[in-house]
Amino acid sequence: MKRRNLLRTVAVLPLLPGGFAAMLGPVARAFALRPNRRVRPSDSAWPSPASWAKLNETVGGNLTQVRSLFESCAKEPNGPACLDAHNNSGNPYWIGDQPAGTETAGWLDAWAPAPSAYALKARNASDVAAGINFARENDLRLVVKGGGHSYLGTSNAPDSLLIWTRAMNQVTLHDAFVGKGCEDHIAPIPAVSAGAGTVWMDLYTAVTTQGGRYVQGGGCMTVGVAGLVQGGGFGEFSKGFGTAASGLLEAEVVTADGRVRVVNACVDPDLFWALKGGGGGTFGVITRLTLRTHDLPEFFGGAGGTIRANSDAAFTQLIARFIRFYHEKLFNPHWGEQVHIGPDNTLEISMQCQGLSHAEAAETWRPFFDWVNASPEKFAASRLGAGAGSARNHWAVHGNPNMIPDTREGAPKHHAWNRGNQGEVGIFLHGYDSLWLPVSLLQASQQKLLTDALFAASRHKMLRVFFNKGLAGASPMVLAAARQTATNPAVVDAFALVIIADGEALAYPGLTSTKVDLAAARTDAHDIDLAAMELRKVAPNSGSYVAESNYFNSSWQSEYWGKNYSRLRAIKAKYDSTGLFFVHHGVGSEDWSDDGFTPLAK
Ligand SMILES: Cc1cc2nc3c(=O)[nH]c(=O)nc-3n(C[C@H](O)[C@H](O)[C@H](O)COP(=O)(O)OP(=O)(O)OC[C@H]3O[C@@H](n4cnc5c(N)ncnc54)[C@H](O)[C@@H]3O)c2cc1C
């Protein structure tokens, strides 16, 4: 940015009648001036009720004042609104349907859910553009929310205007999609377009259950599509199909100048690249996404069970054996998901696979299970097993014991969430960290180092080792596609992402049952730090996944994006030079105060 010229323009402003800014159109004005401090409702410059009313009219009456989730309970604890909130507080779809809803109920010493002043429930890109223009012209703190699953709390902020995409939830399948402007360069392929307010369950239902194909999304079905893609996005079968960002073919996005753009590999390719993993709420508001679809494998399956070692020595042996087994049998495009390595010397297996029959999945695991079962004096094993079934039924709700349906009146029949995600609904986080494990640690000569580090770290906290969130072991095509995204290139050299986290649910501010023991929570946070430190000894600077990471990560630019950060910074300056879009530890956020209200002097 030509900073010196810009400042000179500002310096002569008072000399011009009505100010130089008054001579410019609203868009040019925004880009000619140094960013202003954001305005709060207590400031005299806060838009008048008449201005808000005009915006409301422009967007078809879809502007509302926002109340916190449990505000009604303070006034009328037995009133219908409070009872409704209590009854539904464990339902992620209900939370997502509230303008103030956040799936995470806050994070110790980091953030607490805070309702925006107003929410604009956008119906289309024009509504979004109206909201963006209003925020820019009035120096408002702008927030964007889709599925509301940000761990870092980046889709809520006090005294802000929220652009809320929830109502844009149309899903369209294409047999032969080609991006606008790409007609002469790229062959049409099967795809799915989705409004930015859809959650993955909407796509899995349309693409897989109904359509018999596959789209790469996230593991949690209530995560929003736009948030996941912009974070990078891993699902259980990412080792086979790559990240969600890799599958993006096109996006409709409204940028800070209020322009509705359709971007892809042929039009605004720099912005398109940034949307693929450069972080949500940073480059514009996505209103529609188109993602490639894949042939659906015949089978999805997995392996599960729990193995408890009766001594530290036996547990170390178990970890070592599992790493060897993983490297020999599971380090390939078929296998993903996780194992937990716990302080109580327990290895909990919760792996998933694609493209293997029941017999093949069972045979893969037989040698490992045999080894465990051969030593009952060392290992107590329960529910060990592996197998597979119809891939098409994977996300079917009816008769699926893993699914909890949304039974509210009028809820879509396909809306359900996975039992395994229930503990995360309304969780108040005590701490959270993640790091990628480089594939070099799987080499025979390094396996002991890795084993010892995992054991040492697990003395402090349970480790969740996600093999689907590191792409090493995937096909060359998947790796090449990931390299075409803004996600930290470390992801292609990592065989897993370790997540260490803890918290308690349900713990929303205002919910009467919320009683957080702060001292215990701080001890938890400290233990998470200690566990992560042990792992960073063998994987220093290995990177961390932006969407599932530590709020307090001080090296976030390099940890989240590696060498891609400087390019992302330049794209941010090009499309949002005044920093209208701000999120905690998002690209360009170093120019702002922590709350995103005050531009910092450079
Ligand atoms: C319970 C749970 C499970 C998860 N599981 C997985 C998983 O399996 N795999 C994985 O990779 N990640 C997972 N995540 C992380 C998740 O991918 C990210 O938090 C993601 O950004 C959430 O998107 P969202 O739309 O639901 O959330 P939001 O909070 O609405 O948005 C997240 C960020 O994206 C921005 N954003 C949202 N919509 C738009 C838009 N239309 N245009 C521009 N910016 C937008 C927001 O401003 C915010 O900064 C999980 C998170 C939770 C809480």
# chains A, B, ... in the order shown; residues from 1 in each chain; ligands from 1
>>> closest_atom_pairs(of="chain A", to="ligand 1", cutoff="7 Å", atoms="only C-alpha atoms and all ligand atoms", output="JSON lines")
{"residue": "A:Thr102", "atom": "CA", "partner": "ligand 1", "partner_atom_place_in_ligand_line": "29 (O)", "distance": 7.0}
{"residue": "A:Glu103", "atom": "CA", "partner": "ligand 1", "partner_atom_place_in_ligand_line": "53 (C)", "distance": 5.8}
{"residue": "A:Thr104", "atom": "CA", "partner": "ligand 1", "partner_atom_place_in_ligand_line": "53 (C)", "distance": 6.0}
{"residue": "A:Val143", "atom": "CA", "partner": "ligand 1", "partner_atom_place_in_ligand_line": "47 (O)", "distance": 5.8}
{"residue": "A:Val144", "atom": "CA", "partner": "ligand 1", "partner_atom_place_in_ligand_line": "47 (O)", "distance": 3.9}
{"residue": "A:Lys145", "atom": "CA", "partner": "ligand 1", "partner_atom_place_in_ligand_line": "30 (O)", "distance": 3.6}
{"residue": "A:Gly146", "atom": "CA", "partner": "ligand 1", "partner_atom_place_in_ligand_line": "30 (O)", "distance": 3.5}
{"residue": "A:Gly147", "atom": "CA", "partner": "ligand 1", "partner_atom_place_in_ligand_line": "26 (O)", "distance": 3.2}
{"residue": "A:Gly148", "atom": "CA", "partner": "ligand 1", "partner_atom_place_in_ligand_line": "29 (O)", "distance": 3.3}
{"residue": "A:His149", "atom": "CA", "partner": "ligand 1", "partner_atom_place_in_ligand_line": "27 (O)", "distance": 3.8}
{"residue": "A:Ser150", "atom": "CA", "partner": "ligand 1", "partner_atom_place_in_ligand_line": "19 (O)", "distance": 3.6}
{"residue": "A:Tyr151", "atom": "CA", "partner": "ligand 1", "partner_atom_place_in_ligand_line": "19 (O)", "distance": 5.4}
{"residue": "A:Gly153", "atom": "CA", "partner": "ligand 1", "partner_atom_place_in_ligand_line": "29 (O)", "distance": 6.7}
{"residue": "A:Thr154", "atom": "CA", "partner": "ligand 1", "partner_atom_place_in_ligand_line": "49 (O)", "distance": 4.3}
{"residue": "A:Ser155", "atom": "CA", "partner": "ligand 1", "partner_atom_place_in_ligand_line": "47 (O)", "distance": 4.5}
{"residue": "A:Thr165", "atom": "CA", "partner": "ligand 1", "partner_atom_place_in_ligand_line": "41 (N)", "distance": 6.1}
{"residue": "A:Ala196", "atom": "CA", "partner": "ligand 1", "partner_atom_place_in_ligand_line": "41 (N)", "distance": 4.8}
{"residue": "A:Gly197", "atom": "CA", "partner": "ligand 1", "partner_atom_place_in_ligand_line": "41 (N)", "distance": 6.9}
{"residue": "A:Gly218", "atom": "CA", "partner": "ligand 1", "partner_atom_place_in_ligand_line": "8 (O)", "distance": 4.2}
{"residue": "A:Gly219", "atom": "CA", "partner": "ligand 1", "partner_atom_place_in_ligand_line": "8 (O)", "distance": 3.4}
{"residue": "A:Cys220", "atom": "CA", "partner": "ligand 1", "partner_atom_place_in_ligand_line": "5 (N)", "distance": 4.5}
{"residue": "A:Thr222", "atom": "CA", "partner": "ligand 1", "partner_atom_place_in_ligand_line": "26 (O)", "distance": 6.8}
{"residue": "A:Val223", "atom": "CA", "partner": "ligand 1", "partner_atom_place_in_ligand_line": "26 (O)", "distance": 3.7}
{"residue": "A:Gly224", "atom": "CA", "partner": "ligand 1", "partner_atom_place_in_ligand_line": "25 (O)", "distance": 3.5}
{"residue": "A:Val225", "atom": "CA", "partner": "ligand 1", "partner_atom_place_in_ligand_line": "25 (O)", "distance": 6.0}
{"residue": "A:Ala226", "atom": "CA", "partner": "ligand 1", "partner_atom_place_in_ligand_line": "38 (N)", "distance": 4.8}
{"residue": "A:Gly227", "atom": "CA", "partner": "ligand 1", "partner_atom_place_in_ligand_line": "23 (O)", "distance": 3.3}
{"residue": "A:Leu228", "atom": "CA", "partner": "ligand 1", "partner_atom_place_in_ligand_line": "17 (O)", "distance": 4.0}
{"residue": "A:Gln230", "atom": "CA", "partner": "ligand 1", "partner_atom_place_in_ligand_line": "34 (O)", "distance": 6.7}
{"residue": "A:Gly231", "atom": "CA", "partner": "ligand 1", "partner_atom_place_in_ligand_line": "21 (O)", "distance": 5.4}
{"residue": "A:Gly232", "atom": "CA", "partner": "ligand 1", "partner_atom_place_in_ligand_line": "11 (O)", "distance": 6.3}
{"residue": "A:Gly233", "atom": "CA", "partner": "ligand 1", "partner_atom_place_in_ligand_line": "11 (O)", "distance": 3.5}
{"residue": "A:Phe234", "atom": "CA", "partner": "ligand 1", "partner_atom_place_in_ligand_line": "11 (O)", "distance": 3.8}
{"residue": "A:Gly235", "atom": "CA", "partner": "ligand 1", "partner_atom_place_in_ligand_line": "8 (O)", "distance": 5.2}
{"residue": "A:Gly279", "atom": "CA", "partner": "ligand 1", "partner_atom_place_in_ligand_line": "34 (O)", "distance": 6.7}
{"residue": "A:Gly280", "atom": "CA", "partner": "ligand 1", "partner_atom_place_in_ligand_line": "34 (O)", "distance": 3.5}
{"residue": "A:Gly281", "atom": "CA", "partner": "ligand 1", "partner_atom_place_in_ligand_line": "44 (N)", "distance": 3.6}
{"residue": "A:Thr282", "atom": "CA", "partner": "ligand 1", "partner_atom_place_in_ligand_line": "44 (N)", "distance": 6.5}
{"residue": "A:Gly284", "atom": "CA", "partner": "ligand 1", "partner_atom_place_in_ligand_line": "43 (C)", "distance": 5.6}
{"residue": "A:Val285", "atom": "CA", "partner": "ligand 1", "partner_atom_place_in_ligand_line": "42 (N)", "distance": 3.5}
{"residue": "A:Ile286", "atom": "CA", "partner": "ligand 1", "partner_atom_place_in_ligand_line": "42 (N)", "distance": 3.8}
{"residue": "A:Thr287", "atom": "CA", "partner": "ligand 1", "partner_atom_place_in_ligand_line": "41 (N)", "distance": 5.4}
{"residue": "A:Asn421", "atom": "CA", "partner": "ligand 1", "partner_atom_place_in_ligand_line": "1 (C)", "distance": 6.0}
{"residue": "A:Glu424", "atom": "CA", "partner": "ligand 1", "partner_atom_place_in_ligand_line": "1 (C)", "distance": 5.1}
{"residue": "A:Val425", "atom": "CA", "partner": "ligand 1", "partner_atom_place_in_ligand_line": "1 (C)", "distance": 6.4}
{"residue": "A:Ala547", "atom": "CA", "partner": "ligand 1", "partner_atom_place_in_ligand_line": "18 (C)", "distance": 4.7}
{"residue": "A:Glu548", "atom": "CA", "partner": "ligand 1", "partner_atom_place_in_ligand_line": "15 (C)", "distance": 5.6}
{"residue": "A:Val583", "atom": "CA", "partner": "ligand 1", "partner_atom_place_in_ligand_line": "49 (O)", "distance": 5.9}
>>> residues_around(residues="stretch 488-502 of chain A", least_positions_apart="5", cutoff="8 Å", atoms="only C-alpha atoms", output="ChimeraX atom specification")
/A:331,429-439,461-473,479,482-483,524-525,528,531-532,542-545,548,559-564
>>> select_by_dssp(residues="stretch 263-329 of chain A", states="helix (DSSP H, G or I)", output="PDB file with N, CA, C and O atoms, in the first residue's frame")
ATOM      1  N   PRO A 269      -8.343 -14.826  -9.382  1.00  0.00           N
ATOM      2  CA  PRO A 269      -7.777 -16.067  -8.821  1.00  0.00           C
ATOM      3  C   PRO A 269      -7.045 -15.849  -7.499  1.00  0.00           C
ATOM      4  O   PRO A 269      -6.958 -16.773  -6.685  1.00  0.00           O
ATOM      5  N   ASP A 270      -6.544 -14.619  -7.274  1.00  0.00           N
ATOM      6  CA  ASP A 270      -5.848 -14.382  -5.998  1.00  0.00           C
ATOM      7  C   ASP A 270      -6.829 -14.423  -4.824  1.00  0.00           C
ATOM      8  O   ASP A 270      -6.579 -15.069  -3.801  1.00  0.00           O
ATOM      9  N   LEU A 271      -7.971 -13.775  -5.006  1.00  0.00           N
ATOM     10  CA  LEU A 271      -8.985 -13.798  -3.951  1.00  0.00           C
ATOM     11  C   LEU A 271      -9.522 -15.225  -3.766  1.00  0.00           C
ATOM     12  O   LEU A 271      -9.713 -15.701  -2.636  1.00  0.00           O
ATOM     13  N   PHE A 272      -9.735 -15.912  -4.888  1.00  0.00           N
ATOM     14  CA  PHE A 272     -10.216 -17.293  -4.843  1.00  0.00           C
ATOM     15  C   PHE A 272      -9.256 -18.158  -4.015  1.00  0.00           C
ATOM     16  O   PHE A 272      -9.674 -18.901  -3.121  1.00  0.00           O
ATOM     17  N   TRP A 273      -7.963 -17.992  -4.270  1.00  0.00           N
ATOM     18  CA  TRP A 273      -6.958 -18.760  -3.521  1.00  0.00           C
ATOM     19  C   TRP A 273      -7.044 -18.434  -2.018  1.00  0.00           C
ATOM     20  O   TRP A 273      -7.004 -19.334  -1.174  1.00  0.00           O
ATOM     21  N   ALA A 274      -7.187 -17.146  -1.700  1.00  0.00           N
ATOM     22  CA  ALA A 274      -7.226 -16.743  -0.286  1.00  0.00           C
ATOM     23  C   ALA A 274      -8.439 -17.335   0.437  1.00  0.00           C
ATOM     24  O   ALA A 274      -8.371 -17.644   1.629  1.00  0.00           O
ATOM     25  N   LEU A 275      -9.540 -17.490  -0.300  1.00  0.00           N
ATOM     26  CA  LEU A 275     -10.746 -18.049   0.335  1.00  0.00           C
ATOM     27  C   LEU A 275     -10.565 -19.535   0.653  1.00  0.00           C
ATOM     28  O   LEU A 275     -11.274 -20.091   1.474  1.00  0.00           O
ATOM     29  N   ASP A 312       3.104 -48.029  33.110  1.00  0.00           N
ATOM     30  CA  ASP A 312       3.662 -47.034  32.187  1.00  0.00           C
ATOM     31  C   ASP A 312       4.498 -47.723  31.105  1.00  0.00           C
ATOM     32  O   ASP A 312       4.466 -47.342  29.931  1.00  0.00           O
ATOM     33  N   ALA A 313       5.240 -48.753  31.531  1.00  0.00           N
ATOM     34  CA  ALA A 313       6.107 -49.452  30.564  1.00  0.00           C
ATOM     35  C   ALA A 313       5.252 -50.130  29.490  1.00  0.00           C
ATOM     36  O   ALA A 313       5.569 -50.061  28.286  1.00  0.00           O
ATOM     37  N   ALA A 314       4.163 -50.751  29.918  1.00  0.00           N
ATOM     38  CA  ALA A 314       3.292 -51.426  28.945  1.00  0.00           C
ATOM     39  C   ALA A 314       2.627 -50.402  28.021  1.00  0.00           C
ATOM     40  O   ALA A 314       2.439 -50.650  26.826  1.00  0.00           O
ATOM     41  N   PHE A 315       2.292 -49.235  28.575  1.00  0.00           N
ATOM     42  CA  PHE A 315       1.639 -48.219  27.745  1.00  0.00           C
ATOM     43  C   PHE A 315       2.616 -47.699  26.682  1.00  0.00           C
ATOM     44  O   PHE A 315       2.242 -47.506  25.523  1.00  0.00           O
ATOM     45  N   THR A 316       3.856 -47.489  27.084  1.00  0.00           N
ATOM     46  CA  THR A 316       4.865 -47.039  26.114  1.00  0.00           C
ATOM     47  C   THR A 316       5.010 -48.076  24.998  1.00  0.00           C
ATOM     48  O   THR A 316       5.094 -47.737  23.811  1.00  0.00           O
ATOM     49  N   GLN A 317       4.996 -49.333  25.402  1.00  0.00           N
ATOM     50  CA  GLN A 317       5.082 -50.424  24.421  1.00  0.00           C
ATOM     51  C   GLN A 317       3.875 -50.395  23.469  1.00  0.00           C
ATOM     52  O   GLN A 317       4.010 -50.577  22.262  1.00  0.00           O
ATOM     53  N   LEU A 318       2.722 -50.123  24.046  1.00  0.00           N
ATOM     54  CA  LEU A 318       1.483 -50.071  23.246  1.00  0.00           C
ATOM     55  C   LEU A 318       1.534 -48.919  22.234  1.00  0.00           C
ATOM     56  O   LEU A 318       1.186 -49.084  21.057  1.00  0.00           O
ATOM     57  N   ILE A 319       1.965 -47.760  22.694  1.00  0.00           N
ATOM     58  CA  ILE A 319       2.050 -46.604  21.781  1.00  0.00           C
ATOM     59  C   ILE A 319       3.033 -46.930  20.653  1.00  0.00           C
ATOM     60  O   ILE A 319       2.750 -46.687  19.471  1.00  0.00           O
ATOM     61  N   ALA A 320       4.177 -47.487  21.021  1.00  0.00           N
ATOM     62  CA  ALA A 320       5.201 -47.808  20.011  1.00  0.00           C
ATOM     63  C   ALA A 320       4.640 -48.793  18.983  1.00  0.00           C
ATOM     64  O   ALA A 320       4.822 -48.612  17.768  1.00  0.00           O
ATOM     65  N   ARG A 321       3.946 -49.805  19.477  1.00  0.00           N
ATOM     66  CA  ARG A 321       3.397 -50.820  18.561  1.00  0.00           C
ATOM     67  C   ARG A 321       2.323 -50.198  17.655  1.00  0.00           C
ATOM     68  O   ARG A 321       2.241 -50.492  16.468  1.00  0.00           O
ATOM     69  N   PHE A 322       1.520 -49.327  18.235  1.00  0.00           N
ATOM     70  CA  PHE A 322       0.467 -48.708  17.419  1.00  0.00           C
ATOM     71  C   PHE A 322       1.077 -47.824  16.327  1.00  0.00           C
ATOM     72  O   PHE A 322       0.614 -47.845  15.182  1.00  0.00           O
ATOM     73  N   ILE A 323       2.111 -47.078  16.662  1.00  0.00           N
ATOM     74  CA  ILE A 323       2.740 -46.208  15.649  1.00  0.00           C
ATOM     75  C   ILE A 323       3.285 -47.054  14.496  1.00  0.00           C
ATOM     76  O   ILE A 323       3.102 -46.728  13.325  1.00  0.00           O
ATOM     77  N   ARG A 324       3.938 -48.162  14.866  1.00  0.00           N
ATOM     78  CA  ARG A 324       4.482 -49.045  13.814  1.00  0.00           C
ATOM     79  C   ARG A 324       3.350 -49.590  12.948  1.00  0.00           C
ATOM     80  O   ARG A 324       3.423 -49.589  11.716  1.00  0.00           O
ATOM     81  N   PHE A 325       2.286 -50.020  13.620  1.00  0.00           N
ATOM     82  CA  PHE A 325       1.130 -50.566  12.904  1.00  0.00           C
ATOM     83  C   PHE A 325       0.513 -49.491  12.005  1.00  0.00           C
ATOM     84  O   PHE A 325       0.189 -49.737  10.829  1.00  0.00           O
ATOM     85  N   TYR A 326       0.369 -48.281  12.541  1.00  0.00           N
ATOM     86  CA  TYR A 326      -0.197 -47.199  11.732  1.00  0.00           C
ATOM     87  C   TYR A 326       0.653 -47.006  10.474  1.00  0.00           C
ATOM     88  O   TYR A 326       0.133 -46.929   9.361  1.00  0.00           O
ATOM     89  N   HIS A 327       1.966 -46.921  10.686  1.00  0.00           N
ATOM     90  CA  HIS A 327       2.865 -46.647   9.563  1.00  0.00           C
ATOM     91  C   HIS A 327       2.772 -47.748   8.500  1.00  0.00           C
ATOM     92  O   HIS A 327       2.723 -47.478   7.296  1.00  0.00           O
ATOM     93  N   GLU A 328       2.701 -48.988   8.965  1.00  0.00           N
ATOM     94  CA  GLU A 328       2.709 -50.122   8.014  1.00  0.00           C
ATOM     95  C   GLU A 328       1.358 -50.329   7.323  1.00  0.00           C
ATOM     96  O   GLU A 328       1.290 -50.679   6.159  1.00  0.00           O
ATOM     97  N   LYS A 329       0.249 -50.122   8.062  1.00  0.00           N
ATOM     98  CA  LYS A 329      -1.055 -50.548   7.529  1.00  0.00           C
ATOM     99  C   LYS A 329      -2.076 -49.439   7.286  1.00  0.00           C
ATOM    100  O   LYS A 329      -3.011 -49.610   6.512  1.00  0.00           O
TER     101      LYS A 329
END
>>> closest_residue(among="A:Gly342, A:Gly247, A:Gly389, A:Gly579", to="A:Ser357", atoms="only C-alpha atoms")
A:Gly389
>>> closest_residue(among="A:Gly304, A:Ala265, A:Tyr118, A:Gly211", to="A:Val178", atoms="only C-alpha atoms")
A:Ala265
>>> closest_residue(among="A:Arg141, A:Arg123, A:Arg308, A:Lys537", to="A:Leu384", atoms="only C-alpha atoms")
A:Arg308
>>> closest_residue(among="A:Asp406, A:Glu250, A:Glu360, A:Glu348", to="A:Val192", atoms="only C-alpha atoms")
A:Glu250
>>> residues_around(residues="A:Glu71", least_positions_apart="2", cutoff="12 Å", atoms="only C-alpha atoms", output="PyMOL selection string")
chain A and resi 66-69+73-77+79+81-83+85-86+100+114-115+508-512
>>> write_last_selection(atoms="all heavy atoms", output="compact mmCIF listing (two decimals), in the first residue's frame")
# COMPACT_ATOMS: atom_id res chain seq x y z
N VAL A 66 -30.16 -7.75 18.66
CA VAL A 66 -29.77 -9.08 19.15
C VAL A 66 -29.75 -9.12 20.67
O VAL A 66 -29.23 -8.20 21.31
CB VAL A 66 -28.37 -9.49 18.60
CG1 VAL A 66 -28.08 -10.95 18.92
CG2 VAL A 66 -28.29 -9.25 17.09
N ARG A 67 -30.31 -10.17 21.20
CA ARG A 67 -30.29 -10.40 22.66
C ARG A 67 -29.45 -11.64 22.94
O ARG A 67 -29.44 -12.57 22.13
CB ARG A 67 -31.71 -10.66 23.19
CG ARG A 67 -32.70 -9.58 22.83
CD ARG A 67 -32.62 -8.43 23.83
NE ARG A 67 -33.41 -7.29 23.38
CZ ARG A 67 -32.91 -6.07 23.13
NH1 ARG A 67 -31.64 -5.82 23.27
NH2 ARG A 67 -33.68 -5.08 22.74
N SER A 68 -28.78 -11.67 24.08
CA SER A 68 -27.95 -12.85 24.37
C SER A 68 -28.86 -14.08 24.54
O SER A 68 -30.05 -13.95 24.82
CB SER A 68 -27.10 -12.62 25.61
OG SER A 68 -27.93 -12.51 26.73
N LEU A 69 -28.25 -15.25 24.40
CA LEU A 69 -29.05 -16.49 24.34
C LEU A 69 -30.00 -16.67 25.52
O LEU A 69 -31.12 -17.14 25.37
CB LEU A 69 -28.10 -17.70 24.31
CG LEU A 69 -27.58 -18.18 22.97
CD1 LEU A 69 -26.86 -19.51 23.12
CD2 LEU A 69 -28.68 -18.28 21.94
N CYS A 73 -33.95 -15.34 30.59
CA CYS A 73 -33.98 -16.05 31.87
C CYS A 73 -33.74 -15.11 33.05
O CYS A 73 -34.22 -15.35 34.15
CB CYS A 73 -32.95 -17.17 31.87
SG CYS A 73 -33.32 -18.41 30.62
N ALA A 74 -32.96 -14.03 32.81
CA ALA A 74 -32.71 -13.08 33.89
C ALA A 74 -33.99 -12.34 34.24
O ALA A 74 -34.26 -12.05 35.41
CB ALA A 74 -31.64 -12.09 33.47
N LYS A 75 -34.82 -12.08 33.21
CA LYS A 75 -36.04 -11.30 33.45
C LYS A 75 -37.19 -12.19 33.91
O LYS A 75 -37.96 -11.85 34.79
CB LYS A 75 -36.44 -10.61 32.15
CG LYS A 75 -35.50 -9.50 31.76
CD LYS A 75 -35.99 -8.80 30.51
CE LYS A 75 -34.92 -7.85 29.99
NZ LYS A 75 -34.89 -7.78 28.54
N GLU A 76 -37.30 -13.33 33.25
CA GLU A 76 -38.48 -14.18 33.49
C GLU A 76 -38.05 -15.65 33.45
O GLU A 76 -38.20 -16.34 32.43
CB GLU A 76 -39.49 -13.91 32.36
CG GLU A 76 -40.92 -13.95 32.82
CD GLU A 76 -41.88 -13.84 31.62
OE1 GLU A 76 -41.48 -13.28 30.57
OE2 GLU A 76 -42.99 -14.35 31.73
N PRO A 77 -37.49 -16.13 34.58
CA PRO A 77 -36.90 -17.47 34.58
C PRO A 77 -37.88 -18.58 34.18
O PRO A 77 -37.45 -19.61 33.67
CB PRO A 77 -36.43 -17.66 36.02
CG PRO A 77 -36.46 -16.33 36.65
CD PRO A 77 -37.37 -15.45 35.87
N GLY A 79 -40.52 -18.00 32.18
CA GLY A 79 -41.24 -17.58 30.98
C GLY A 79 -40.97 -18.53 29.82
O GLY A 79 -40.00 -19.30 29.84
N ALA A 81 -39.82 -18.06 26.80
CA ALA A 81 -38.56 -17.88 26.06
C ALA A 81 -37.41 -18.56 26.80
O ALA A 81 -36.57 -19.24 26.19
CB ALA A 81 -38.27 -16.40 25.86
N CYS A 82 -37.40 -18.39 28.12
CA CYS A 82 -36.33 -18.99 28.92
C CYS A 82 -36.45 -20.52 28.90
O CYS A 82 -35.45 -21.23 28.74
CB CYS A 82 -36.37 -18.46 30.35
SG CYS A 82 -35.12 -19.20 31.40
N LEU A 83 -37.66 -21.01 29.05
CA LEU A 83 -37.86 -22.47 29.05
C LEU A 83 -37.45 -23.06 27.70
O LEU A 83 -36.80 -24.11 27.63
CB LEU A 83 -39.32 -22.82 29.37
CG LEU A 83 -39.76 -22.47 30.80
CD1 LEU A 83 -41.23 -22.82 31.01
CD2 LEU A 83 -38.88 -23.20 31.82
N ALA A 85 -35.25 -21.81 25.67
CA ALA A 85 -33.79 -21.77 25.59
C ALA A 85 -33.18 -22.93 26.38
O ALA A 85 -32.26 -23.60 25.92
CB ALA A 85 -33.28 -20.42 26.10
N HIS A 86 -33.70 -23.16 27.58
CA HIS A 86 -33.19 -24.26 28.41
C HIS A 86 -33.39 -25.61 27.72
O HIS A 86 -32.48 -26.43 27.65
CB HIS A 86 -33.88 -24.27 29.76
CG HIS A 86 -33.11 -23.51 30.79
ND1 HIS A 86 -32.06 -24.06 31.47
CD2 HIS A 86 -33.22 -22.23 31.21
CE1 HIS A 86 -31.55 -23.16 32.29
NE2 HIS A 86 -32.24 -22.03 32.15
N ALA A 100 -27.71 -14.77 18.32
CA ALA A 100 -26.61 -14.68 19.29
C ALA A 100 -25.96 -16.04 19.55
O ALA A 100 -25.10 -16.16 20.42
CB ALA A 100 -27.13 -14.11 20.61
N ALA A 114 -20.89 -12.63 23.00
CA ALA A 114 -21.41 -11.27 23.15
C ALA A 114 -22.30 -10.97 21.95
O ALA A 114 -21.83 -11.06 20.82
CB ALA A 114 -20.26 -10.27 23.21
N PRO A 115 -23.56 -10.67 22.21
CA PRO A 115 -24.44 -10.41 21.07
C PRO A 115 -24.05 -9.13 20.33
O PRO A 115 -23.58 -8.17 20.94
CB PRO A 115 -25.82 -10.24 21.72
CG PRO A 115 -25.55 -9.91 23.15
CD PRO A 115 -24.23 -10.53 23.50
N TYR A 508 -23.06 -21.79 29.17
CA TYR A 508 -23.27 -20.44 28.62
C TYR A 508 -23.47 -19.42 29.73
O TYR A 508 -24.12 -19.71 30.73
CB TYR A 508 -24.52 -20.42 27.74
CG TYR A 508 -24.30 -21.01 26.39
CD1 TYR A 508 -24.77 -22.29 26.10
CD2 TYR A 508 -23.63 -20.31 25.40
CE1 TYR A 508 -24.57 -22.86 24.86
CE2 TYR A 508 -23.42 -20.87 24.16
CZ TYR A 508 -23.89 -22.14 23.89
OH TYR A 508 -23.68 -22.69 22.67
N PRO A 509 -22.95 -18.19 29.52
CA PRO A 509 -23.29 -17.13 30.45
C PRO A 509 -24.82 -16.97 30.49
O PRO A 509 -25.45 -16.98 29.44
CB PRO A 509 -22.64 -15.88 29.84
CG PRO A 509 -21.70 -16.37 28.79
CD PRO A 509 -22.12 -17.74 28.40
N GLY A 510 -25.36 -16.87 31.68
CA GLY A 510 -26.80 -16.66 31.80
C GLY A 510 -27.58 -17.95 31.98
O GLY A 510 -28.74 -17.94 32.40
N LEU A 511 -26.95 -19.09 31.69
CA LEU A 511 -27.61 -20.38 31.90
C LEU A 511 -27.46 -20.72 33.38
O LEU A 511 -26.35 -20.73 33.90
CB LEU A 511 -26.92 -21.44 31.03
CG LEU A 511 -27.56 -22.80 30.89
CD1 LEU A 511 -28.90 -22.69 30.16
CD2 LEU A 511 -26.65 -23.74 30.09
N THR A 512 -28.58 -20.99 34.03
CA THR A 512 -28.51 -21.10 35.49
C THR A 512 -27.60 -22.24 35.96
O THR A 512 -27.01 -22.16 37.03
CB THR A 512 -29.92 -21.30 36.07
OG1 THR A 512 -30.61 -22.20 35.23
CG2 THR A 512 -30.67 -20.01 36.19
>>> closest_residue(among="A:Leu249, A:Val254, A:Leu108, A:Ala191", to="A:Asp127", atoms="only C-alpha atoms")
A:Val254
>>> residues_around(residues="A:Arg40", least_positions_apart="3", cutoff="9 Å", atoms="only C-alpha atoms", output="list in words")
Asp43, Ser44, Ala45, Trp46, Leu140, Arg141, Pro158, Asp159, Ser160 and Phe597 of chain A
>>> closest_residue(among="A:Gly106, A:Gly258, A:Gly387, A:Pro49", to="A:Ala129", atoms="only C-alpha atoms")
A:Gly258
>>> select_by_dssp(residues="stretch 83-297 of chain A", states="strand (DSSP E or B)", output="PyMOL selection string")
chain A and resi 104-107+111+118-121+140-145+160-164+171-177+189-195+199+213-214+224+248-254+260-264+285-292+294-295
